[in-house]
>>> print(open('input_36.csv').read())   # CSV, C-alpha atoms
chain,number,residue,atom,x,y,z
X,1,GLN,CA,39.0,-14.7,21.8
X,2,GLN,CA,37.0,-17.9,22.5
X,3,PHE,CA,34.0,-15.9,23.5
X,4,ALA,CA,34.4,-13.6,20.4
X,5,LEU,CA,34.4,-16.7,18.2
X,6,GLU,CA,31.3,-18.1,19.9
X,7,THR,CA,29.6,-14.7,19.4
X,8,MET,CA,30.5,-14.7,15.7
X,9,LYS,CA,29.4,-18.3,15.2
X,10,ILE,CA,26.4,-18.6,17.5
X,11,TYR,CA,25.0,-15.5,19.1
X,12,ALA,CA,25.2,-13.1,16.1
X,13,PRO,CA,23.4,-15.6,13.8
X,14,LEU,CA,20.8,-16.3,16.5
X,15,ALA,CA,20.1,-12.5,16.8
X,16,SER,CA,19.7,-12.4,13.0
X,17,ALA,CA,17.3,-15.4,13.1
X,18,LEU,CA,15.2,-13.5,15.7
X,19,HIS,CA,14.9,-10.5,13.3
X,20,THR,CA,17.1,-8.3,15.5
X,21,GLY,CA,19.4,-7.2,12.7
X,22,GLN,CA,21.0,-4.2,14.5
X,23,LEU,CA,21.9,-6.4,17.5
X,24,SER,CA,23.4,-9.0,15.2
X,25,ALA,CA,25.5,-6.4,13.4
X,26,GLU,CA,26.8,-5.0,16.7
X,27,LEU,CA,27.7,-8.5,17.9
X,28,GLU,CA,29.5,-9.3,14.6
X,29,ASP,CA,31.5,-6.0,14.8
X,30,ALA,CA,32.5,-6.6,18.4
X,31,ALA,CA,33.7,-10.1,17.6
X,32,PHE,CA,35.5,-8.9,14.5
X,33,ARG,CA,37.3,-6.2,16.5
X,34,ALA,CA,38.3,-8.8,19.2
X,35,LEU,CA,39.4,-11.5,16.7
X,36,PHE,CA,41.2,-9.3,14.1
X,37,PRO,CA,42.0,-5.9,15.7
X,38,LYS,CA,44.4,-4.7,13.1
X,39,SER,CA,42.0,-5.4,10.2
X,40,TYR,CA,39.1,-3.9,12.1
X,41,ARG,CA,41.1,-0.7,12.9
X,42,SER,CA,42.4,-0.3,9.4
X,43,LEU,CA,38.9,-0.7,7.9
X,44,ASP,CA,37.3,1.5,10.5
X,45,GLU,CA,39.8,4.3,9.8
X,46,TRP,CA,39.1,4.1,6.1
X,47,LEU,CA,35.3,4.1,6.4
X,48,ASN,CA,35.4,7.0,8.8
X,49,ARG,CA,36.9,9.2,6.1
X,50,THR,CA,33.5,9.4,4.4
X,51,LYS,CA,31.3,9.2,7.6
X,52,GLU,CA,30.0,12.7,7.5
X,53,GLU,CA,29.3,12.7,3.8
X,54,ASP,CA,27.6,9.3,4.1
X,55,GLU,CA,25.4,10.4,6.9
X,56,ARG,CA,24.3,13.5,4.9
X,57,THR,CA,23.6,11.4,1.9
X,58,LEU,CA,21.5,8.9,3.9
X,59,GLU,CA,19.5,11.7,5.6
X,60,LYS,CA,18.7,13.3,2.3
X,61,ALA,CA,17.7,10.0,0.7
X,62,LYS,CA,15.6,9.2,3.7
X,63,GLN,CA,13.7,12.5,3.5
X,64,VAL,CA,13.2,12.2,-0.2
X,65,LEU,CA,11.6,8.7,0.2
X,66,ILE,CA,9.4,9.9,3.2
X,67,GLU,CA,8.1,12.8,1.1
X,68,LYS,CA,7.5,10.7,-2.1
X,69,MET,CA,5.9,7.8,-0.3
X,70,SER,CA,3.7,9.8,2.0
X,71,LYS,CA,2.4,11.7,-1.1
X,72,ASP,CA,1.8,8.6,-3.2
X,73,ARG,CA,-1.9,8.1,-3.4
X,74,ILE,CA,-1.8,4.4,-4.4
X,75,LEU,CA,0.4,3.5,-1.4
X,76,MET,CA,-1.5,5.7,1.1
X,77,ARG,CA,-4.9,4.4,-0.1
X,78,MET,CA,-3.8,0.8,0.8
X,79,VAL,CA,-2.2,1.5,4.2
X,80,LEU,CA,-4.5,4.1,5.7
X,81,LYS,CA,-8.1,3.7,6.8
X,82,GLU,CA,-10.6,5.3,4.6
X,83,ASP,CA,-11.3,8.3,6.9
X,84,THR,CA,-7.6,9.0,7.4
X,85,TYR,CA,-7.0,8.7,3.7
X,86,GLU,CA,-9.8,11.3,3.0
X,87,LYS,CA,-8.1,13.6,5.5
X,88,LEU,CA,-4.9,13.3,3.7
X,89,LEU,CA,-6.6,14.2,0.4
X,90,LYS,CA,-8.2,17.2,2.1
X,91,VAL,CA,-4.8,18.5,3.3
X,92,GLN,CA,-3.3,18.0,-0.1
X,93,ALA,CA,-6.2,19.9,-1.7
X,94,ASN,CA,-6.0,22.7,0.8
X,95,ASN,CA,-2.3,23.1,0.3
X,96,VAL,CA,-2.8,23.4,-3.5
X,97,ALA,CA,-5.5,25.9,-3.0
X,98,GLU,CA,-3.4,27.9,-0.6
X,99,LYS,CA,-0.6,28.1,-3.1
X,100,SER,CA,-3.0,29.2,-5.9
X,101,ARG,CA,-4.6,31.9,-3.8
X,102,GLY,CA,-1.2,33.3,-2.7
X,103,SER,CA,-1.2,36.8,-1.2
X,104,ALA,CA,-4.8,37.5,-2.3
X,105,THR,CA,-6.1,35.6,0.7
X,106,THR,CA,-7.0,37.8,3.7
X,107,ASN,CA,-5.2,37.4,6.9
X,108,ASP,CA,-8.3,36.2,8.8
X,109,LYS,CA,-9.0,33.5,6.3
X,110,LYS,CA,-5.3,32.5,6.3
X,111,SER,CA,-5.3,32.1,10.1
X,112,SER,CA,-8.5,30.0,10.0
X,113,ASN,CA,-7.2,27.8,7.2
X,114,VAL,CA,-3.8,27.3,8.9
X,115,THR,CA,-5.4,26.3,12.2
X,116,ASN,CA,-7.7,23.8,10.5
X,117,ASN,CA,-4.8,22.4,8.4
X,118,ASN,CA,-2.6,22.1,11.5
X,119,ASN,CA,-5.2,20.2,13.4
X,120,ILE,CA,-5.6,17.8,10.5
X,121,SER,CA,-1.8,17.6,9.9
X,122,VAL,CA,-1.1,16.6,13.6
X,123,THR,CA,-3.5,13.6,13.2
X,124,LEU,CA,-2.0,12.7,9.8
X,125,HIS,CA,1.5,13.1,11.0
X,126,ALA,CA,0.9,10.5,13.8
X,127,ALA,CA,-0.9,8.2,11.3
X,128,LEU,CA,1.9,8.4,8.7
X,129,ASN,CA,4.6,7.8,11.3
X,130,SER,CA,2.7,4.7,12.4
X,131,VAL,CA,2.3,3.2,9.0
X,132,LEU,CA,5.6,4.2,7.4
X,133,THR,CA,9.0,3.9,9.1
X,134,ILE,CA,12.1,4.6,7.1
X,135,SER,CA,15.5,4.2,8.7
X,136,ALA,CA,19.0,4.7,7.3
X,137,ARG,CA,22.4,3.5,8.4
X,138,ARG,CA,25.9,2.7,7.3
X,139,LYS,CA,26.6,-1.0,6.9
X,140,SER,CA,28.6,-2.7,9.7
X,141,ARG,CA,32.3,-3.1,9.6
X,142,PHE,CA,32.0,-6.9,9.5
X,143,SER,CA,29.5,-6.7,6.6
X,144,SER,CA,31.9,-4.5,4.7
X,145,MET,CA,34.8,-6.8,5.3
X,146,LYS,CA,32.8,-9.8,4.1
X,147,LYS,CA,32.1,-8.0,0.8
X,148,ILE,CA,35.9,-7.3,0.4
X,149,LEU,CA,36.9,-10.9,1.1
X,150,ARG,CA,34.0,-12.6,-0.7
X,151,ASP,CA,34.1,-10.6,-3.9
X,152,GLY,CA,37.9,-9.9,-3.9
X,153,ARG,CA,37.1,-6.1,-4.2
X,154,LYS,CA,39.5,-3.4,-3.5
X,155,ARG,CA,38.4,-0.9,-0.8
X,156,ALA,CA,38.0,1.8,-3.5
X,157,ASN,CA,35.4,-0.4,-5.2
X,158,LEU,CA,33.4,-1.1,-2.1
X,159,ARG,CA,30.2,0.8,-2.8
X,160,ASP,CA,27.4,-1.0,-1.0
X,161,VAL,CA,28.1,0.5,2.4
X,162,LEU,CA,24.9,2.4,3.0
X,163,GLY,CA,21.5,0.9,3.9
X,164,ILE,CA,17.9,2.2,3.9
X,165,ARG,CA,15.0,0.2,5.3
X,166,VAL,CA,11.3,0.9,4.7
X,167,VAL,CA,8.9,-0.9,7.1
X,168,ILE,CA,5.2,-0.6,6.3
X,169,ASN,CA,2.7,-1.2,9.1
X,170,PRO,CA,-0.9,-0.7,7.6
X,171,GLN,CA,-3.5,0.9,9.9
X,172,SER,CA,-6.0,-1.5,11.4
X,173,GLY,CA,-9.0,-1.7,9.1
X,174,SER,CA,-7.1,-0.5,6.0
X,175,ILE,CA,-7.1,-2.4,2.8
X,176,ALA,CA,-3.6,-3.8,3.3
X,177,ASP,CA,-4.6,-4.8,6.9
X,178,VAL,CA,-7.5,-7.0,5.8
X,179,ASP,CA,-6.1,-8.4,2.5
X,180,SER,CA,-2.7,-10.1,2.5
X,181,ARG,CA,-2.3,-9.6,-1.2
X,182,SER,CA,-2.7,-5.9,-0.7
X,183,SER,CA,-0.2,-6.0,2.1
X,184,ASP,CA,2.4,-7.5,-0.3
X,185,ALA,CA,1.4,-4.9,-2.9
X,186,THR,CA,2.4,-2.1,-0.5
X,187,CYS,CA,5.9,-3.4,-0.5
X,188,TYR,CA,6.1,-3.6,-4.3
X,189,ARG,CA,4.7,-0.1,-4.5
X,190,ALA,CA,7.3,1.2,-2.1
X,191,GLN,CA,10.0,-0.5,-4.2
X,192,GLN,CA,8.6,1.1,-7.3
X,193,ILE,CA,8.8,4.6,-5.7
X,194,ALA,CA,12.4,4.0,-4.5
X,195,HIS,CA,13.4,2.8,-8.0
X,196,ALA,CA,11.8,5.9,-9.6
X,197,MET,CA,13.9,8.1,-7.3
X,198,PHE,CA,17.2,6.2,-7.4
X,199,ALA,CA,18.4,3.9,-10.3
X,200,PRO,CA,18.5,0.2,-9.3
X,201,VAL,CA,21.7,-1.8,-9.9
X,202,LYS,CA,21.0,-4.4,-12.5
X,203,GLY,CA,20.8,-7.9,-11.1
X,204,ARG,CA,20.8,-6.7,-7.5
X,205,THR,CA,17.1,-6.9,-6.7
X,206,LYS,CA,15.8,-9.8,-4.6
X,207,ASP,CA,12.2,-10.8,-3.9
X,208,TYR,CA,11.9,-12.5,-0.6
X,209,ILE,CA,8.1,-12.0,-0.6
X,210,ALA,CA,7.5,-14.3,-3.6
X,211,LYS,CA,10.2,-16.6,-2.3
X,212,PRO,CA,10.5,-16.2,1.5
X,213,LYS,CA,13.7,-17.4,3.4
X,214,LYS,CA,13.6,-20.6,5.3
X,215,ASN,CA,13.1,-18.8,8.6
X,216,GLY,CA,10.0,-17.0,7.2
X,217,TYR,CA,11.7,-13.7,6.4
X,218,GLN,CA,9.8,-11.7,3.8
X,219,SER,CA,11.1,-8.5,2.2
X,220,LEU,CA,12.2,-6.9,-1.0
X,221,HIS,CA,15.9,-5.9,-1.5
X,222,SER,CA,17.3,-3.5,-4.0
X,223,ALA,CA,20.7,-2.0,-4.6
X,224,LEU,CA,20.3,1.6,-5.7
X,225,ILE,CA,22.6,4.3,-7.0
X,226,VAL,CA,22.3,7.3,-4.7
X,227,SER,CA,24.0,10.6,-5.5
X,228,THR,CA,26.0,12.3,-2.7
X,229,HIS,CA,25.0,15.7,-4.2
X,230,PHE,CA,21.3,15.8,-4.7
X,231,ASP,CA,21.2,19.5,-5.8
X,232,GLY,CA,24.6,20.1,-7.4
X,233,ASP,CA,25.9,19.6,-10.9
X,234,GLU,CA,28.7,17.3,-9.8
X,235,GLU,CA,27.3,13.9,-8.8
X,236,LYS,CA,29.4,11.4,-6.9
X,237,LYS,CA,27.5,8.1,-7.0
X,238,LYS,CA,27.3,5.6,-4.2
X,239,GLU,CA,25.6,2.3,-4.0
X,240,SER,CA,23.0,1.8,-1.3
X,241,SER,CA,20.9,-1.2,-0.5
X,242,SER,CA,17.2,-0.7,0.2
X,243,SER,CA,14.7,-3.2,1.7
X,244,SER,CA,11.0,-2.9,2.2
X,245,SER,CA,8.8,-5.1,4.3
X,246,SER,CA,5.3,-5.1,5.7
X,247,SER,CA,4.4,-6.0,9.2
>>> encode(input="input_36.csv", output="C-alpha cells")
Amino acid sequence: QQFALETMKIYAPLASALHTGQLSAELEDAAFRALFPKSYRSLDEWLNRTKEEDERTLEKAKQVLIEKMSKDRILMRMVLKEDTYEKLLKVQANNVAEKSRGSATTNDKKSSNVTNNNNISVTLHAALNSVLTISARRKSRFSSMKKILRDGRKRANLRDVLGIRVVINPQSGSIADVDSRSSDATCYRAQQIAHAMFAPVKGRTKDYIAKPKKNGYQSLHSALIVSTHFDGDEEKKKESSSSSSSS
C-alpha cells in the first residue's frame, strides 16, 4: 500500500506533467485498486454494465468527427500543403461527378476513374492520418470516482465518463505549420465542428490555448452531449468530454 500511495501522489502526477495521460490514468487506477479494493471493484462492476454500449457510442462519434473534419475545407486548407489540398479538392469533385453521372458512365471510364481516384485517395489517406488523429476512450476508474466524491453525485448522475481527443499535426509547409496563429485556429475550427455535431454543455468549455496551464499545456476542452443512438428515434444522452490540440 505504501508503493500504491507513492504512485498516486508522485508517479501518476509526474506522468501527467510529462503529457503521458494514458500512463497517468493507468497508474492512478492501479493505485486506486490497491488502496481501496472494494470501492474499485464496486465502481468497476457498475461501469462495465454499459461498456459495450459506450464503446459503440465512442466509435460512432469518432467516425462522425473524422468524416466531418476531413471534409471541412477551412480546416483542411490550414493543415495540408497546397498541393495535397488541391488533390483533396480533386477527389471531392470527382466523387460528386461520379454520383451525378451514375449508371450512364461506361464501364471503361468507370474503371479508369476509379483507378485514378484510388491512387489519389491512398496519398490523401496517409496525409489525413498524419494531420488528424482522433482517439476515443472511456474515462479511468479513478477519474470517475473523483467526480463522484468531488461533486457529491450519485452514480446514476455520473455522465462524463467518455472522452474523445483530437490532435492536429499540420503538414510541414502548410499554413498552420508556418503561422502559429493559424495553428491555434485549427484547434478552434475543430472545436466548432465538434460543437456543430454534438451540443456542448453550458459552462463546460475551457480554453487552455488562450490561457495555457503552468506546465505549458495548451488545448481546448468541451463537454458534449452525445447520443447513444445516432440513427434511431429513441435517444439516450451521454456526456462526453472532447479536447483538441495542435502539435
>>> closest_residue(input="input_36.csv", among="X:Ser182, X:Arg150, X:Ser70, X:Leu35", to="Ala127 (chain X)", atoms="all atoms listed in the file")
X:Ser70
>>> atom_distance(input="input_36.csv", atom1="CA of Asp184 (chain X)", atom2="CA of Met78 (chain X)")
10.4 Å
>>> residues_around(input="input_36.csv", residues="Leu27 (chain X)", least_positions_apart="2", cutoff="8 Å", atoms="only C-alpha atoms", output="list in words")
Thr7, Met8, Tyr11, Ala12, Leu23, Ser24, Ala25, Asp29, Ala30 and Ala31 of chain X
>>> residues_around(input="input_36.csv", residues="Asp72 (chain X)", least_positions_apart="3", cutoff="12 Å", atoms="only C-alpha atoms", output="mmCIF file with C-alpha atoms, keeping the file's coordinate frame")
data_model
loop_
_atom_site.group_PDB
_atom_site.id
_atom_site.type_symbol
_atom_site.label_atom_id
_atom_site.label_comp_id
_atom_site.auth_asym_id
_atom_site.auth_seq_id
_atom_site.Cartn_x
_atom_site.Cartn_y
_atom_site.Cartn_z
ATOM 1 C CA LEU X 65 11.600 8.700 0.200
ATOM 2 C CA ILE X 66 9.400 9.900 3.200
ATOM 3 C CA GLU X 67 8.100 12.800 1.100
ATOM 4 C CA LYS X 68 7.500 10.700 -2.100
ATOM 5 C CA MET X 69 5.900 7.800 -0.300
ATOM 6 C CA LEU X 75 0.400 3.500 -1.400
ATOM 7 C CA MET X 76 -1.500 5.700 1.100
ATOM 8 C CA ARG X 77 -4.900 4.400 -0.100
ATOM 9 C CA MET X 78 -3.800 0.800 0.800
ATOM 10 C CA VAL X 79 -2.200 1.500 4.200
ATOM 11 C CA LEU X 80 -4.500 4.100 5.700
ATOM 12 C CA TYR X 85 -7.000 8.700 3.700
ATOM 13 C CA LEU X 88 -4.900 13.300 3.700
ATOM 14 C CA LEU X 89 -6.600 14.200 0.400
ATOM 15 C CA GLN X 92 -3.300 18.000 -0.100
ATOM 16 C CA LEU X 128 1.900 8.400 8.700
ATOM 17 C CA THR X 186 2.400 -2.100 -0.500
ATOM 18 C CA ARG X 189 4.700 -0.100 -4.500
ATOM 19 C CA ALA X 190 7.300 1.200 -2.100
ATOM 20 C CA GLN X 192 8.600 1.100 -7.300
ATOM 21 C CA ILE X 193 8.800 4.600 -5.700
ATOM 22 C CA ALA X 194 12.400 4.000 -4.500
#
>>> atom_distance(input="input_36.csv", atom1="CA of Asn157 (chain X)", atom2="CA of Ser144 (chain X)")
11.3 Å
>>> residues_around(input="input_36.csv", residues="Arg138 (chain X)", least_positions_apart="5", cutoff="8 Å", atoms="all atoms listed in the file", output="compact mmCIF listing (two decimals) with C-alpha atoms, keeping the file's coordinate frame")
# COMPACT_ATOMS: atom_id res chain seq x y z
CA ASP X 54 27.60 9.30 4.10
CA GLU X 55 25.40 10.40 6.90
CA VAL X 161 28.10 0.50 2.40
CA LEU X 162 24.90 2.40 3.00
CA GLY X 163 21.50 0.90 3.90
>>> residues_around(input="input_36.csv", residues="Asn169 (chain X)", least_positions_apart="2", cutoff="12 Å", atoms="only C-alpha atoms", output="ChimeraX atom specification")
/X:75-76,78-80,127-134,166-167,171-177,183-184,186-187,244-247
>>> atom_distance(input="input_36.csv", atom1="CA of Phe142 (chain X)", atom2="CA of Tyr40 (chain X)")
8.1 Å
